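Right, one structure below, let's go through it.
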Amino acid sequence: MKALIIHNGRSGFGSDAIFEFQRLLLDTGDECTIRMIGGGLEPAKALSDAERFDLVVASGGDGTVANVLYALRGRSIPTCVFPSGTANLLFANLGNAPEPAAIAAACRSGHCAKTDLAEMSWVDGDGREHRRGFCIMAGSGYDADIMRTALENKPVYGEAAYFFAAASNLEPTVSHFTIDVDGVTHERDGISCLVANNATIQADIQVVPGSSMADGMLEVIVLETQHAAQLLQPLVRGFFDKTGEALGRPFIESFKGKGIKVSSSQPVPLEFDGELTGGEVNAYEVHVLEGANLLVVDRHSPYFE
């Protein structure tokens, strides 16, 4: 086996579990190359020769993993997601066993699932067009505000930084969103509009029921609230009904589609997989990249077939 590990040492709390995984992965005659990103080397350049390897390992947080998967889209290279970040939501959605030994065993078994990716485009305040891929969610409005506030506290508090950030902004701005889903237009008022490839968040709570990253569809999620405190109701319900099929999700409305256009009545911050775009936007577009990646899964994963 020839393996390529793409590792962002700045992700999460700087765990060295990836090196334990490396030792467990390799057998006599195997080769492994590690490329460290985050200090000038971008994933696209680090993966320019990825076809020379039998396996690529994406090690970092969800933002790092999304950038790796976007660089590998459509290249049919078996890819392992290794959780080295703060939230590791993509890994949680995959449902693989989290121990380094189990992840190494899954890589050696070679069982993969073909999964979707989302591609987002927007124009910034200077008129420049941007295009990025994401694997979990892109959010505009309150969601992006939370990410922006949590950034400085993530190295200290980890996932708790998101909850502290939410508690510090209980009166978020309400915007009017115009949402086009596969040619059908919806007008909604709310504090945030999100587009999700995966809709399972911390504590295994599904924001909307039945979301899958292998169905060729995306979820559009609108938080139709006036006050952030109202989100406590769907959150509490989520702890007792993680799928949302029994108790539902009050103040949350969702749509499903392949191509989405979102515009807001005022400029709002925008984030994708926990990374901020650096400014505010009035509109953005997202479309699904069906079957873009081959992700390693084990028998614990709902994507194992």
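Please note that chains go A, B, ... in the order of the structure tokens, that every chain numbers its residues from 1, and that ligands are numbered from 1 in the order shown.
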
Check your understanding: Do you know which residues are at most 8 Å from A:Cys107 counting only C-alpha atoms, after dropping those on the same chain fewer than 6 positions away, and could you put them as a VMD selection string?
Key -> chain A and resid 25 55 80 296

Could those residues be written to a file, using C-alpha atoms, as a CSV table (one decimal), in the first residue's frame?
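New file part_37.csv:
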```csv
chain,number,residue,atom,x,y,z
A,25,LEU,CA,-1.8,1.4,9.1
A,55,LEU,CA,-5.1,5.8,-0.3
A,80,CYS,CA,-10.0,8.2,4.8
A,296,VAL,CA,-13.5,4.8,3.6
```

Practice item. Compare A:Cys32, A:Leu117, A:Leu4, A:Ala283 by their minimum atom-to-atom distance to A:Arg73, counting only C-alpha atoms, and give me the closest one. Key: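 Ranked by minimum distance to A:Arg73, first place goes to A:Leu117.
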
Review point. Which residues come within 8 Å of A:Ser76, counting only C-alpha atoms, excluding same-chain residues fewer than 5 positions away, as a list in words?
Key: Ala292, Asn293 and Leu294 of chain A

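Of the listed residues (A:Ile201, A:Val68, A:Met120, A:Ala46), A:Ala46 comes nearest to A:Thr33; the distances count only C-alpha atoms.
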
**Study point:** Contacts of stretch 254-264 of chain A within 8 Å, only C-alpha atoms, excl. fewer than 3 positions in-chain, as a PyMOL selection string
**Key:** chain A and resi 175-182+208+216-222+267-268+282-288

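Each of A:Ala17, A:Val81, A:Leu41, A:Val65 was checked against A:Leu295 using only C-alpha atoms; the smallest atom-to-atom distance is that of A:Val81.
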
Exercise for review: Pick out the residues sitting within 8 Å of A:Pro83, and hand them over as a list in words; count only C-alpha atoms, and ignore anything fewer than 6 positions along from it in its own chain.
Suggested key: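 That gives Ser59, Gly60, Gly61, Phe91 and Pro98 of chain A.
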
Go ahead and write the residues just picked, N, CA and C atoms, as a PDB file, in the first residue's frame.
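File produced: selection.pdb:
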```pdb
ATOM      1  N   SER A  59      -6.526  14.523   7.387  1.00  0.00           N
ATOM      2  CA  SER A  59      -6.445  14.655   8.840  1.00  0.00           C
ATOM      3  C   SER A  59      -6.508  16.121   9.229  1.00  0.00           C
ATOM      4  N   GLY A  60      -7.563  16.485   9.959  1.00  0.00           N
ATOM      5  CA  GLY A  60      -7.749  17.872  10.390  1.00  0.00           C
ATOM      6  C   GLY A  60      -9.189  18.080  10.796  1.00  0.00           C
ATOM      7  N   GLY A  61      -9.588  19.334  10.896  1.00  0.00           N
ATOM      8  CA  GLY A  61     -10.978  19.657  11.186  1.00  0.00           C
ATOM      9  C   GLY A  61     -11.835  19.581   9.941  1.00  0.00           C
ATOM     10  N   PHE A  91     -16.775  13.204  10.230  1.00  0.00           N
ATOM     11  CA  PHE A  91     -16.464  11.874  10.753  1.00  0.00           C
ATOM     12  C   PHE A  91     -17.649  11.325  11.544  1.00  0.00           C
ATOM     13  N   PRO A  98     -14.129   5.355  16.089  1.00  0.00           N
ATOM     14  CA  PRO A  98     -13.176   6.466  16.163  1.00  0.00           C
ATOM     15  C   PRO A  98     -11.754   6.102  16.559  1.00  0.00           C
TER      16      PRO A  98
END
```

Review point. Counting only C-alpha atoms, which of A:Gly190, A:Gly141, A:Gly110, A:Pro209 gets nearest to A:Val297?
Key: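 Nearest candidate to A:Val297 out of A:Gly190, A:Gly141, A:Gly110, A:Pro209: A:Gly110.
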
Practice item. Excluding A:Leu270 and residues on its chain fewer than 6 positions from it, collect all residues at most 7 Å away from it, counting only C-alpha atoms, and give them as a VMD selection string. Key: chain A and resid 139 to 141 144 276 to 277 280 to 281

Would you mind exporting C-alpha atoms of the selected residues as a CSV table (one decimal), in the first residue's frame?
```csv
chain,number,residue,atom,x,y,z
A,139,GLY,CA,-24.6,29.1,6.6
A,140,SER,CA,-25.5,32.7,6.3
A,141,GLY,CA,-26.6,35.0,9.1
A,144,ALA,CA,-21.9,32.5,10.6
A,276,LEU,CA,-15.6,32.3,7.3
A,277,THR,CA,-15.5,33.9,3.9
A,280,GLU,CA,-20.6,39.8,4.1
A,281,VAL,CA,-22.7,38.8,1.1
```

Exercise for review: Give me every alpha helix (DSSP H) residue in stretch 16-153 of chain A, going by DSSP on the backbone, as a ChimeraX atom specification.
Suggested key: /A:17-25,43-46,62-71,89-94,100-109,142-150

Point to revise | Who sits within 9 Å of A:Glu305, only C-alpha atoms, same chain under 3 positions skipped, as a list of chain:residue names | key: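 After dropping sequence-adjacent residues, the list is A:His111, A:Cys112, A:Ala113, A:Arg299, A:Ser301, A:Pro302.
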
Residues as selected, C-alpha atoms, written as an mmCIF file, in the first residue's frame, can you do that?
```cif
data_model
loop_
_atom_site.group_PDB
_atom_site.id
_atom_site.type_symbol
_atom_site.label_atom_id
_atom_site.label_comp_id
_atom_site.auth_asym_id
_atom_site.auth_seq_id
_atom_site.Cartn_x
_atom_site.Cartn_y
_atom_site.Cartn_z
ATOM 1 C CA HIS A 111 -14.444 -0.649 1.718
ATOM 2 C CA CYS A 112 -15.602 2.740 0.400
ATOM 3 C CA ALA A 113 -18.874 4.615 -0.073
ATOM 4 C CA ARG A 299 -19.237 -1.858 9.377
ATOM 5 C CA SER A 301 -21.163 3.253 9.267
ATOM 6 C CA PRO A 302 -24.696 3.733 7.926
#
```

Check your understanding: Which is closest to A:Phe53 among A:Val207, A:Ile77, A:Val174, A:Ala214, if we use only C-alpha atoms?
Key -> A:Ile77
